[in-house]
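Structure data follow from entry.txt (compact mmCIF, C-alpha atoms):
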```txt
# COMPACT_ATOMS: atom_id res chain seq x y z
CA MET A 16 -1.44 -11.95 31.16
CA VAL A 17 -1.28 -8.50 32.72
CA HIS A 18 -4.18 -6.15 31.90
CA ARG A 19 -2.49 -2.78 32.09
CA SER A 20 -5.74 -0.92 31.64
CA GLY A 21 -7.57 -2.63 34.49
CA ASP A 22 -11.06 -4.05 34.28
CA ARG A 23 -13.15 -0.88 34.06
CA GLU A 24 -15.19 -0.42 30.90
CA ARG A 25 -13.90 2.48 28.82
CA CYS A 26 -15.55 5.50 27.31
CA GLY A 27 -13.27 6.14 24.34
CA THR A 28 -12.89 9.87 23.81
CA GLY A 29 -12.40 9.32 20.08
CA ILE A 30 -9.31 11.49 20.35
CA GLU A 31 -6.68 8.98 19.31
CA GLY A 32 -3.78 10.50 21.22
CA LEU A 33 -5.78 10.97 24.43
CA ASP A 34 -7.16 7.43 24.32
CA THR A 35 -3.59 6.17 24.00
CA VAL A 36 -2.53 8.27 27.00
CA LEU A 37 -5.46 6.80 28.97
CA TYR A 38 -4.84 3.21 27.84
CA GLY A 39 -8.14 3.08 25.99
CA GLY A 40 -10.25 5.97 27.24
CA ILE A 41 -11.89 7.41 30.33
CA PRO A 42 -13.17 4.71 32.72
CA ARG A 43 -16.92 4.76 32.17
CA SER A 44 -18.98 6.89 34.58
CA ASN A 45 -15.94 8.85 35.78
CA THR A 46 -16.26 12.58 36.33
CA VAL A 47 -13.25 14.33 34.85
CA LEU A 48 -12.10 17.88 35.47
CA LEU A 49 -10.78 19.36 32.22
CA THR A 50 -8.88 22.36 33.44
CA GLY A 51 -6.77 25.11 31.93
CA SER A 52 -6.41 28.80 31.28
CA CYS A 53 -8.13 30.56 28.41
CA GLY A 54 -7.26 29.65 24.83
CA THR A 55 -5.92 26.22 25.63
CA GLY A 56 -8.60 24.29 23.71
CA LYS A 57 -10.79 22.99 26.55
CA THR A 58 -14.14 23.59 24.87
CA SER A 59 -12.93 22.16 21.53
CA LEU A 60 -11.68 18.98 23.20
CA ALA A 61 -14.83 18.59 25.29
CA LEU A 62 -17.08 19.06 22.28
CA GLU A 63 -15.07 16.56 20.25
CA PHE A 64 -15.56 14.02 23.07
CA LEU A 65 -19.32 14.50 22.73
CA ILE A 66 -19.37 14.40 18.92
CA HIS A 67 -17.46 11.12 18.81
CA GLY A 68 -19.85 9.72 21.39
CA ALA A 69 -22.89 10.82 19.39
CA LEU A 70 -21.40 9.41 16.18
CA ASN A 71 -21.03 6.09 18.01
CA GLY A 72 -24.67 6.14 19.06
CA GLU A 73 -24.20 7.44 22.61
CA ASN A 74 -26.55 10.27 23.56
CA SER A 75 -24.46 13.28 24.43
CA LEU A 76 -25.32 16.47 26.29
CA PHE A 77 -23.48 19.80 26.33
CA VAL A 78 -24.47 22.17 29.13
CA SER A 79 -23.27 25.65 28.33
CA VAL A 80 -23.00 27.99 31.28
CA THR A 81 -21.31 31.14 30.07
CA GLU A 82 -21.94 31.26 26.34
CA ASN A 83 -25.05 30.75 24.29
CA SER A 84 -24.65 27.20 22.96
CA GLU A 85 -25.60 28.10 19.38
CA LYS A 86 -23.01 30.87 19.35
CA MET A 87 -20.46 28.47 20.83
CA LEU A 88 -21.18 25.91 18.11
CA ALA A 89 -20.75 28.56 15.41
CA ASN A 90 -17.38 29.66 16.81
CA ILE A 91 -15.94 26.26 17.40
CA ILE A 92 -13.46 24.76 14.96
CA PRO A 93 -15.30 23.25 11.95
CA TYR A 94 -14.67 19.55 12.53
CA ASN A 95 -14.71 17.46 9.35
CA PHE A 96 -16.56 14.70 11.19
CA PHE A 97 -19.30 16.90 12.64
CA GLU A 98 -22.77 16.21 11.26
CA GLU A 99 -25.67 18.62 11.72
CA SER A 100 -27.95 15.59 11.88
CA LEU A 101 -26.51 14.73 15.32
CA VAL A 102 -28.14 17.85 16.74
CA LYS A 103 -31.34 17.46 14.71
CA SER A 104 -31.77 13.84 15.76
CA GLY A 105 -31.15 14.63 19.42
CA LYS A 106 -28.00 12.51 19.65
CA LEU A 107 -26.15 15.68 20.59
CA VAL A 108 -28.19 18.04 22.76
CA LEU A 109 -27.04 21.53 23.73
CA VAL A 110 -28.61 23.20 26.74
CA ASP A 111 -27.98 26.65 28.18
CA LEU A 112 -27.76 26.54 31.98
CA PRO A 113 -28.99 30.13 32.45
CA VAL A 114 -32.28 28.97 30.89
CA MET A 115 -32.44 26.18 33.48
CA TYR A 116 -31.71 28.65 36.29
CA GLU A 117 -34.60 30.75 35.08
CA ARG A 118 -37.00 27.82 34.86
CA LEU A 119 -36.00 26.69 38.35
CA GLY A 120 -36.48 30.22 39.67
CA MET A 121 -32.82 30.57 40.67
CA THR A 122 -32.48 34.27 40.11
CA LYS A 123 -30.29 35.23 43.06
CA ALA A 124 -26.52 35.64 42.81
CA GLU A 125 -25.88 32.87 45.34
CA LEU A 126 -27.55 29.46 45.44
CA THR A 127 -28.76 28.00 48.73
CA MET A 128 -28.12 24.37 49.73
CA GLU A 129 -31.72 23.55 48.74
CA GLU A 130 -31.25 25.14 45.36
CA ILE A 131 -28.06 23.12 44.85
CA ASP A 132 -30.06 19.94 45.44
CA LEU A 133 -32.69 21.20 43.03
CA LEU A 134 -30.08 21.98 40.37
CA VAL A 135 -28.39 18.57 40.70
CA ALA A 136 -31.80 16.89 40.52
CA ALA A 137 -32.71 18.90 37.42
CA ILE A 138 -29.47 17.98 35.61
CA ALA A 139 -29.78 14.31 36.67
CA SER A 140 -33.39 14.25 35.52
CA LEU A 141 -32.42 15.70 32.13
CA VAL A 142 -29.63 13.14 31.79
CA ARG A 143 -32.03 10.28 32.60
CA GLU A 144 -34.74 11.65 30.32
CA LEU A 145 -32.35 11.98 27.37
CA GLY A 146 -30.53 8.71 28.08
CA THR A 147 -27.28 10.69 28.19
CA LYS A 148 -24.07 8.67 28.28
CA ARG A 149 -21.68 11.61 27.87
CA LEU A 150 -22.03 14.99 29.51
CA VAL A 151 -19.99 18.18 29.38
CA ILE A 152 -20.57 21.18 31.63
CA ASP A 153 -18.75 24.24 30.31
CA SER A 154 -17.77 25.61 32.68
CA ILE A 155 -18.14 24.27 36.20
CA THR A 156 -16.22 27.34 37.38
CA SER A 157 -19.09 29.58 36.32
CA VAL A 158 -21.49 27.42 38.32
CA CYS A 159 -19.12 27.60 41.30
CA TYR A 160 -19.27 31.40 41.22
CA LYS A 161 -22.92 31.04 42.22
CA LEU A 162 -22.03 28.69 45.07
CA LYS A 163 -19.40 30.93 46.70
CA THR A 164 -18.23 28.67 49.55
CA SER A 165 -15.96 25.60 49.41
CA GLU A 166 -18.57 23.57 51.30
CA LYS A 167 -21.26 24.29 48.73
CA ILE A 168 -18.91 23.59 45.80
CA ARG A 169 -17.85 20.30 47.36
CA ASP A 170 -21.47 19.37 48.03
CA PHE A 171 -22.56 20.26 44.49
CA ILE A 172 -19.79 18.38 42.70
CA LEU A 173 -20.07 15.31 44.93
CA LYS A 174 -23.83 15.09 44.47
CA LEU A 175 -23.61 15.73 40.74
CA SER A 176 -20.83 13.14 40.27
CA LYS A 177 -22.85 10.53 42.16
CA ALA A 178 -26.04 11.27 40.23
CA LEU A 179 -24.20 10.98 36.89
CA SER A 180 -22.28 7.90 37.92
CA ASP A 181 -25.52 6.21 39.02
CA VAL A 182 -26.84 6.46 35.46
CA ASP A 183 -23.53 5.33 33.92
CA CYS A 184 -22.83 8.76 32.44
CA THR A 185 -19.23 9.77 31.77
CA SER A 186 -18.79 13.48 32.30
CA ILE A 187 -16.30 16.24 31.69
CA LEU A 188 -16.47 19.33 33.85
CA VAL A 189 -14.61 22.17 32.17
CA SER A 190 -12.73 24.27 34.69
CA GLU A 191 -11.13 27.64 34.20
CA MET A 192 -7.95 28.62 35.97
CA SER A 193 -5.49 31.44 35.74
CA ALA A 194 -2.23 30.85 33.87
CA GLN A 195 -0.23 31.34 37.07
CA ALA A 196 -2.42 29.14 39.28
CA SER A 197 -0.73 26.79 41.72
CA SER A 198 -3.77 24.48 41.96
CA TYR A 199 -5.75 22.81 39.18
CA SER A 200 -8.96 24.77 39.67
CA MET A 201 -10.21 28.21 40.57
CA PHE A 202 -11.58 27.27 44.00
CA GLY A 203 -9.16 24.44 44.82
CA VAL A 204 -12.04 22.11 45.69
CA GLU A 205 -13.09 20.79 42.28
CA GLU A 206 -9.81 18.96 41.68
CA ALA A 207 -9.95 17.00 44.93
CA ILE A 208 -13.31 15.41 44.29
CA SER A 209 -13.09 14.61 40.57
CA ASP A 210 -12.16 11.14 39.36
CA GLY A 211 -9.72 12.58 36.88
CA ILE A 212 -7.83 15.76 36.03
CA VAL A 213 -6.74 16.66 32.52
CA LEU A 214 -4.64 19.80 32.47
CA MET A 215 -4.44 21.94 29.35
CA ALA A 216 -1.95 24.78 29.26
CA ASN A 217 0.04 27.21 27.18
CA MET A 218 3.76 26.56 27.47
CA GLU A 219 6.32 29.09 26.36
CA ARG A 220 9.61 27.76 25.05
CA ARG A 221 12.17 30.11 23.59
CA GLY A 222 9.44 32.52 22.50
CA ASP A 223 7.17 29.84 21.02
CA LEU A 224 3.77 29.29 22.63
CA LEU A 225 2.79 25.62 22.61
CA ARG A 226 -0.59 24.20 23.64
CA THR A 227 -0.03 21.27 25.99
CA LEU A 228 -2.09 18.52 27.58
CA GLN A 229 -1.23 16.38 30.60
CA VAL A 230 -3.31 13.80 32.45
CA ILE A 231 -2.62 14.47 36.13
CA LYS A 232 -4.92 11.87 37.60
CA MET A 233 -7.47 9.32 36.40
CA ARG A 234 -9.10 6.88 38.77
CA GLY A 235 -9.65 3.38 37.45
CA THR A 236 -6.85 3.24 34.91
CA MET A 237 -3.14 3.52 34.44
CA HIS A 238 -2.18 6.49 32.33
CA SER A 239 0.75 8.45 31.03
CA ARG A 240 1.66 11.48 33.10
CA ALA A 241 3.82 13.00 30.36
CA LYS A 242 3.16 16.34 28.76
CA TYR A 243 1.96 16.37 25.15
CA VAL A 244 1.72 19.16 22.60
CA LEU A 245 -1.65 19.46 20.95
CA ASP A 246 -3.06 21.00 17.83
CA LEU A 247 -6.70 21.83 17.15
CA THR A 248 -7.44 20.80 13.58
CA PRO A 249 -10.55 20.12 11.49
CA GLU A 250 -9.62 16.44 11.95
CA GLY A 251 -9.90 16.93 15.71
CA VAL A 252 -7.43 17.32 18.53
CA LEU A 253 -4.04 15.84 17.63
CA LEU A 254 -1.31 15.08 20.15
CA ALA A 255 2.45 14.74 19.84
CA PRO A 256 5.00 14.11 22.59
CA LEU A 257 6.65 17.21 24.00
CA LEU A 258 10.28 17.11 22.90
CA LYS A 259 12.64 17.40 25.83
CA GLY A 260 15.97 17.92 24.12
CA GLY A 261 15.93 21.68 24.19
CA SER A 262 13.55 22.26 27.07
CA ALA A 263 14.55 24.06 30.23
CA GLY A 264 12.20 21.80 32.15
CA THR A 265 9.05 23.90 32.27
CA MET B 23 27.04 12.76 -13.03
CA SER B 24 24.60 14.43 -15.43
CA ASP B 25 21.46 16.03 -14.02
CA LYS B 26 19.14 13.56 -15.73
CA ARG B 27 21.10 10.64 -14.32
CA VAL B 28 20.75 12.11 -10.83
CA ALA B 29 16.95 12.06 -11.03
CA GLN B 30 16.96 8.54 -12.45
CA LEU B 31 19.43 7.31 -9.82
CA ILE B 32 17.17 8.63 -7.08
CA VAL B 33 14.09 6.95 -8.53
CA ASP B 34 15.90 3.63 -9.03
CA GLU B 35 17.18 3.65 -5.47
CA LEU B 36 13.86 4.73 -3.97
CA MET B 37 11.96 2.06 -5.89
CA GLU B 38 14.16 -0.55 -4.23
CA ALA B 39 13.29 0.70 -0.75
CA PRO B 40 10.45 -1.22 0.89
CA PRO B 41 7.30 0.63 2.05
CA SER B 42 7.73 2.52 5.30
CA SER B 43 11.43 3.01 4.62
CA ALA B 44 13.27 6.05 5.88
CA VAL B 45 15.78 7.24 3.30
CA SER B 46 18.58 9.72 3.71
CA LEU B 47 19.10 11.68 0.50
CA GLN B 48 22.34 13.62 0.64
CA MET B 49 22.75 15.90 -2.33
CA SER B 50 25.07 18.43 -3.76
CA ILE B 51 23.41 21.83 -3.75
CA ASP B 52 23.72 21.84 -7.57
CA HIS B 53 21.43 18.81 -7.77
CA TYR B 54 18.50 20.31 -5.85
CA LEU B 55 16.23 20.65 -8.88
CA GLU B 56 16.92 17.13 -10.06
CA VAL B 57 16.26 15.82 -6.57
CA LEU B 58 12.88 17.56 -6.68
CA ARG B 59 12.19 16.02 -10.08
CA GLY B 60 13.30 12.57 -8.97
CA VAL B 61 11.29 12.53 -5.75
CA LEU B 62 8.21 14.63 -6.46
CA ASP B 63 7.71 13.79 -10.11
CA LEU B 64 9.13 10.40 -11.05
CA PHE B 65 8.99 8.51 -7.75
CA ALA B 66 5.71 9.93 -6.46
CA SER B 67 4.04 9.40 -9.87
CA LYS B 68 5.18 5.81 -10.10
CA LYS B 69 3.85 5.14 -6.62
CA GLU B 70 0.69 7.24 -7.19
CA ALA B 71 1.53 8.71 -3.82
CA ASP B 72 0.59 11.91 -2.05
CA VAL B 73 3.64 13.87 -0.96
CA ILE B 74 3.82 15.85 2.26
CA TYR B 75 6.68 18.26 1.75
CA VAL B 76 8.07 19.84 4.92
CA THR B 77 10.08 22.87 3.99
CA SER B 78 12.25 24.82 6.36
CA THR B 79 14.59 26.03 3.64
CA ILE B 80 12.55 28.14 1.24
CA SER B 81 8.89 29.09 1.26
CA PHE B 82 6.23 26.80 -0.17
CA ASP B 83 5.28 29.26 -2.90
CA ALA B 84 8.91 29.50 -4.06
CA ILE B 85 9.07 25.70 -4.28
CA LYS B 86 5.74 25.62 -6.07
CA ARG B 87 7.02 28.09 -8.64
CA VAL B 88 10.10 25.92 -9.17
CA LEU B 89 7.96 22.81 -9.58
CA GLU B 90 5.71 24.55 -12.07
CA ALA B 91 8.76 25.73 -14.02
CA LEU B 92 9.97 22.13 -14.09
CA ASP B 93 6.53 21.10 -15.33
CA ILE B 94 5.94 18.92 -12.28
CA ASN B 95 2.33 18.28 -11.29
CA THR B 96 1.75 19.74 -7.80
CA SER B 97 -1.80 18.47 -7.30
CA ARG B 98 -0.62 15.68 -5.00
CA VAL B 99 1.97 17.74 -3.14
CA PHE B 100 0.98 19.14 0.28
CA PHE B 101 3.26 21.59 2.06
CA VAL B 102 4.13 22.08 5.69
CA ASP B 103 5.90 25.42 5.55
CA CYS B 104 8.02 26.23 8.62
CA ILE B 105 9.74 29.30 7.27
CA SER B 106 7.23 31.71 5.70
CA HIS B 107 5.60 32.73 8.97
CA MET B 108 8.91 33.32 10.73
CA THR B 109 10.27 35.42 7.89
CA MET B 110 6.96 37.33 7.78
CA GLY B 111 6.56 36.08 4.23
CA ALA B 112 3.25 34.30 4.66
CA SER B 113 0.35 36.09 3.16
CA SER B 114 -3.12 34.63 3.24
CA GLY B 115 -3.49 35.52 -0.44
CA HIS B 116 -1.01 32.83 -1.37
CA MET B 117 -2.40 30.15 0.93
CA ASP B 118 -4.40 27.22 -0.38
CA ASP B 119 -5.79 23.88 0.79
CA HIS B 120 -2.46 22.26 0.03
CA THR B 121 -0.48 24.34 2.49
CA THR B 122 -0.28 24.54 6.23
CA LEU B 123 2.06 26.83 8.12
CA VAL B 124 4.11 26.22 11.23
CA GLU B 125 5.02 29.43 13.01
CA SER B 126 8.69 28.62 13.39
CA PRO B 127 11.11 25.77 12.58
CA THR B 128 11.74 25.58 16.33
CA MET B 129 8.19 24.28 16.84
CA LEU B 130 9.14 20.73 15.91
CA GLU B 131 6.17 19.19 17.71
CA ASN B 132 3.88 21.28 15.52
CA VAL B 133 5.70 20.00 12.43
CA MET B 134 4.83 16.46 13.59
CA LEU B 135 1.23 17.48 14.21
CA LYS B 136 0.81 19.12 10.80
CA VAL B 137 2.30 16.06 9.09
CA GLU B 138 -0.14 13.89 11.03
CA TYR B 139 -3.01 16.16 10.02
CA LEU B 140 -2.13 15.96 6.32
CA ILE B 141 -1.70 12.19 6.51
CA ARG B 142 -5.21 11.97 7.92
CA LEU B 143 -6.57 14.11 5.10
CA SER B 144 -4.90 12.06 2.39
CA ASP B 145 -6.83 9.19 0.88
CA ALA B 146 -3.88 7.95 -1.22
CA SER B 147 -2.76 4.44 -0.42
CA GLU B 148 0.90 5.50 -0.58
CA LYS B 149 2.27 8.55 1.17
CA ILE B 150 5.70 10.12 1.16
CA VAL B 151 6.99 12.66 3.67
CA VAL B 152 9.94 14.75 2.48
CA LEU B 153 11.94 16.75 5.00
CA ASP B 154 13.74 19.65 3.29
CA SER B 155 16.20 19.89 4.88
CA ILE B 156 17.85 18.62 8.02
CA ASN B 157 20.53 21.30 7.59
CA SER B 158 18.10 24.19 7.71
CA LEU B 159 16.33 22.67 10.73
CA ALA B 160 19.75 22.43 12.37
CA ILE B 161 20.18 26.20 12.05
CA HIS B 162 17.23 26.71 14.42
CA ASN B 163 17.45 23.67 16.71
CA ASN B 164 20.15 22.03 18.75
CA ASN B 165 21.24 18.49 17.92
CA TRP B 166 19.54 16.94 20.97
CA ILE B 167 16.06 18.13 20.16
CA LEU B 168 16.53 17.56 16.44
CA SER B 169 17.65 14.00 17.04
CA GLU B 170 14.65 13.37 19.30
CA PHE B 171 12.35 14.89 16.68
CA LEU B 172 13.71 12.69 13.88
CA HIS B 173 13.43 9.58 16.00
CA ILE B 174 9.78 10.19 16.95
CA LEU B 175 8.75 11.42 13.49
CA VAL B 176 10.36 8.56 11.57
CA SER B 177 9.15 5.89 14.02
CA GLY B 178 5.61 7.22 13.76
CA LEU B 179 5.68 7.36 9.97
CA ARG B 180 7.21 3.89 9.74
CA ALA B 181 4.37 2.53 11.87
CA ARG B 182 1.90 4.00 9.38
CA ASN B 183 3.68 2.63 6.29
CA VAL B 184 4.71 6.06 5.11
CA TYR B 185 7.98 6.68 3.25
CA THR B 186 10.24 9.27 4.81
CA ILE B 187 12.89 11.02 2.75
CA ILE B 188 15.28 13.27 4.64
CA LEU B 189 17.16 15.71 2.45
CA SER B 190 20.56 17.01 3.44
CA VAL B 191 22.98 19.23 1.62
CA GLU B 192 26.44 17.72 1.46
CA GLU B 193 28.23 21.07 1.48
CA HIS B 194 26.42 22.13 4.69
CA SER B 195 26.44 18.89 6.61
CA THR B 196 28.48 18.04 9.66
CA PRO B 197 29.42 14.61 11.04
CA GLU B 198 26.90 15.15 13.87
CA ILE B 199 24.06 15.79 11.43
CA ASN B 200 25.07 12.82 9.29
CA ASN B 201 25.12 10.54 12.34
CA MET B 202 21.74 11.80 13.44
CA VAL B 203 20.19 11.05 10.05
CA ASN B 204 21.94 7.71 9.65
CA LEU B 205 20.61 6.61 13.02
CA VAL B 206 16.97 6.77 11.88
CA CYS B 207 17.34 5.88 8.18
CA ASP B 208 17.57 2.41 6.71
CA HIS B 209 18.86 3.50 3.36
CA GLY B 210 21.13 6.23 2.05
CA ILE B 211 21.39 7.89 -1.37
CA ARG B 212 24.13 10.34 -2.31
CA THR B 213 24.32 12.48 -5.42
CA ASN B 214 28.04 12.85 -4.94
CA PRO B 215 29.53 15.72 -7.01
CA LYS B 216 32.98 14.13 -6.78
CA GLU B 217 31.87 11.40 -9.15
CA GLU B 218 31.18 13.85 -11.96
```
Before we go any further, please render this structure as C-alpha cells.
Amino acid sequence: MVHRSGDRERCGTGIEGLDTVLYGGIPRSNTVLLTGSCGTGKTSLALEFLIHGALNGENSLFVSVTENSEKMLANIIPYNFFEESLVKSGKLVLVDLPVMYERLGMTKAELTMEEIDLLVAAIASLVRELGTKRLVIDSITSVCYKLKTSEKIRDFILKLSKALSDVDCTSILVSEMSAQASSYSMFGVEEAISDGIVLMANMERRGDLLRTLQVIKMRGTMHSRAKYVLDLTPEGVLLAPLLKGGSAGT
Amino acid sequence: MSDKRVAQLIVDELMEAPPSSAVSLQMSIDHYLEVLRGVLDLFASKKEADVIYVTSTISFDAIKRVLEALDINTSRVFFVDCISHMTMGASSGHMDDHTTLVESPTMLENVMLKVEYLIRLSDASEKIVVLDSINSLAIHNNNWILSEFLHILVSGLRARNVYTIILSVEEHSTPEINNMVNLVCDHGIRTNPKEE
C-alpha cells in the first residue's frame, strides 16, 4: 500500500479544505510561512489554526507583533466555534511582542546578534513553559524590520525554527508582502528557510476580486499546488477550487 | 397541464429520486410559481428538509414575497442571492440570517462557498440545493466555466447526500445548456407546455 502522505505525524489545521490540500495537515513541528498582501485573510486563517488546536487540547500561542492582541481578537471574524474559555483556561494564550521587547530591554530600532539570541531564547522559553504545540507569530515581517540585514533575518528564523522544532511545536509565521511582489516575502530570506509556504492573494478576474490560497511548498508531505478560492465565514475558512474555464491564466 | 398538476408531478418525480440525486427541472416560464410550490413547499415539507435556494434570476426578497403570497413557509429556506449586489439592489435593511449575498453571478466559486457555508449551518438531516436558474447564470458566464462549476458543485453535494435541483427555463434554453445540465444530472423533469 502506498502512503501518499508519508510517515510524518500531522498537525491538522482544522480547516477542512486546507487539510485536504495538505493530505492531512501540516507535518508536525514544521515552520510554515503564511504569506500574502493585506486583506487576504492571513490573520484569520492563522488564528483559526490555533483555535482548532486549543479545542483539541493542544496549547496554542499567538504572538502579536504589530497590533494589540486584544484589539486583534475583537476585530477578527466572530467564529462560531470560538470559546472564551480557551483564553481564560490558558489553552489559547495571546502575547504582545512589544511587551516582550520592553521586558528584555530591546528598545533600539535594530537588534544586535546577541539580542536575536536573547529573543529566540525568550520565545522558546515561553513555548516550553506553556507547553505550546501550536504557535503563530503575526507578523514575522515586523520582527524582520528590527533585524535589517539578510544575515540577521536568516539567523533569527533558523534559530527560532530549530528551537520550536526541538519542542515539537508546529508554527506559522505570518509574512506580509506587497501585491506586486516577485518573491514570497518582504526580505526574500524568510521563504528560503521555512519548511512550508502558503500563499494567500487577491486575484482579479473580469473585475471580480477573489481571495485565493495556494500551497507553494511543504516539507514532509505531498500536497496540491493548485490555487483555491477562499471565503472567511463564521464557520471558518472555506475553500473551493478555482474554476479555470473562463480564466486568462492569472 | 393544470398548474396544480404541475406541482404534484414535480413532487411525485422528486420523491422517486434517491438521496443525493441531481435533478434537472426544465419548466415553462408560466409554471414558475407552481415549480416553487412543488419544490419549496410540498417536496421540502415531506422531506423535512432545509432548502438552500441559489438565485441569480430575481432578488431573494422578491422570491420571499412570492413565497409569502403563495402561503409557503420560508423558515427553512436559505438564500444565496447572486443578483441583488450586482444590480445595487441589496440593502442591509432587508437582509436577515437566512440570506447571504454573492457580489456577482460571475463569482461562481463564491456561490459554491456560500452553499457550503449554509450546509454547515443547517442541522436538518435532509438538505436540498436549488439553482435558479442555469439560464440566468449562462447570461453572465461562458459555457466552459459554467460546465466546470456544475460538475464540481453537483459532485460535492452528491458526496454529502444533498439533493440538487437545477432549474432551467425551456423557452430560454439552448442545446448547449441542456447538454451541460444533462451531463451532471441523473434525473430530468419537464413541465412541458406542449402537453397542455
Please identify all residues of chain A having at least one atom at most 12 Å from any atom of chain B, considering only C-alpha atoms, and return them as a ChimeraX atom specification.
/A:31-32,95-96,218-227,242-263
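The residue that comes closest to Val110 in chain A, out of A:Ser157, A:Thr127, A:Asn83, A:Thr28 and on the basis of only C-alpha atoms, is A:Asn83.
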Please indicate the distance in Å from CA of Asn204 in chain B to CA of Val73 in chain B, rounded to one decimal place.
22.0 Å
Can you tell me, as a count of residues only, what residues are no more than 10 Å from Thr96 in chain B when counting all atoms listed in the file, ignoring any on the same chain fewer than 6 positions away?
9
Please tell me which residues are no farther than 10 Å from (-26.0, 13.6, 34.7) in the file, counting all atoms listed in the file, and write them as a PDB file with C-alpha atoms, keeping the file's coordinate frame.
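Output file point_12.pdb follows:
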```
ATOM      1  CA  SER A  44     -18.980   6.890  34.580  1.00  0.00           C
ATOM      2  CA  THR A  46     -16.260  12.580  36.330  1.00  0.00           C
ATOM      3  CA  LEU A  76     -25.320  16.470  26.290  1.00  0.00           C
ATOM      4  CA  VAL A 135     -28.390  18.570  40.700  1.00  0.00           C
ATOM      5  CA  ALA A 136     -31.800  16.890  40.520  1.00  0.00           C
ATOM      6  CA  ALA A 137     -32.710  18.900  37.420  1.00  0.00           C
ATOM      7  CA  ILE A 138     -29.470  17.980  35.610  1.00  0.00           C
ATOM      8  CA  ALA A 139     -29.780  14.310  36.670  1.00  0.00           C
ATOM      9  CA  SER A 140     -33.390  14.250  35.520  1.00  0.00           C
ATOM     10  CA  LEU A 141     -32.420  15.700  32.130  1.00  0.00           C
ATOM     11  CA  VAL A 142     -29.630  13.140  31.790  1.00  0.00           C
ATOM     12  CA  ARG A 143     -32.030  10.280  32.600  1.00  0.00           C
ATOM     13  CA  GLU A 144     -34.740  11.650  30.320  1.00  0.00           C
ATOM     14  CA  LEU A 145     -32.350  11.980  27.370  1.00  0.00           C
ATOM     15  CA  GLY A 146     -30.530   8.710  28.080  1.00  0.00           C
ATOM     16  CA  THR A 147     -27.280  10.690  28.190  1.00  0.00           C
ATOM     17  CA  LYS A 148     -24.070   8.670  28.280  1.00  0.00           C
ATOM     18  CA  ARG A 149     -21.680  11.610  27.870  1.00  0.00           C
ATOM     19  CA  LEU A 150     -22.030  14.990  29.510  1.00  0.00           C
ATOM     20  CA  VAL A 151     -19.990  18.180  29.380  1.00  0.00           C
ATOM     21  CA  ILE A 152     -20.570  21.180  31.630  1.00  0.00           C
ATOM     22  CA  LEU A 175     -23.610  15.730  40.740  1.00  0.00           C
ATOM     23  CA  SER A 176     -20.830  13.140  40.270  1.00  0.00           C
ATOM     24  CA  LYS A 177     -22.850  10.530  42.160  1.00  0.00           C
ATOM     25  CA  ALA A 178     -26.040  11.270  40.230  1.00  0.00           C
ATOM     26  CA  LEU A 179     -24.200  10.980  36.890  1.00  0.00           C
ATOM     27  CA  SER A 180     -22.280   7.900  37.920  1.00  0.00           C
ATOM     28  CA  ASP A 181     -25.520   6.210  39.020  1.00  0.00           C
ATOM     29  CA  VAL A 182     -26.840   6.460  35.460  1.00  0.00           C
ATOM     30  CA  ASP A 183     -23.530   5.330  33.920  1.00  0.00           C
ATOM     31  CA  CYS A 184     -22.830   8.760  32.440  1.00  0.00           C
ATOM     32  CA  THR A 185     -19.230   9.770  31.770  1.00  0.00           C
ATOM     33  CA  SER A 186     -18.790  13.480  32.300  1.00  0.00           C
TER      34      SER A 186
END
```
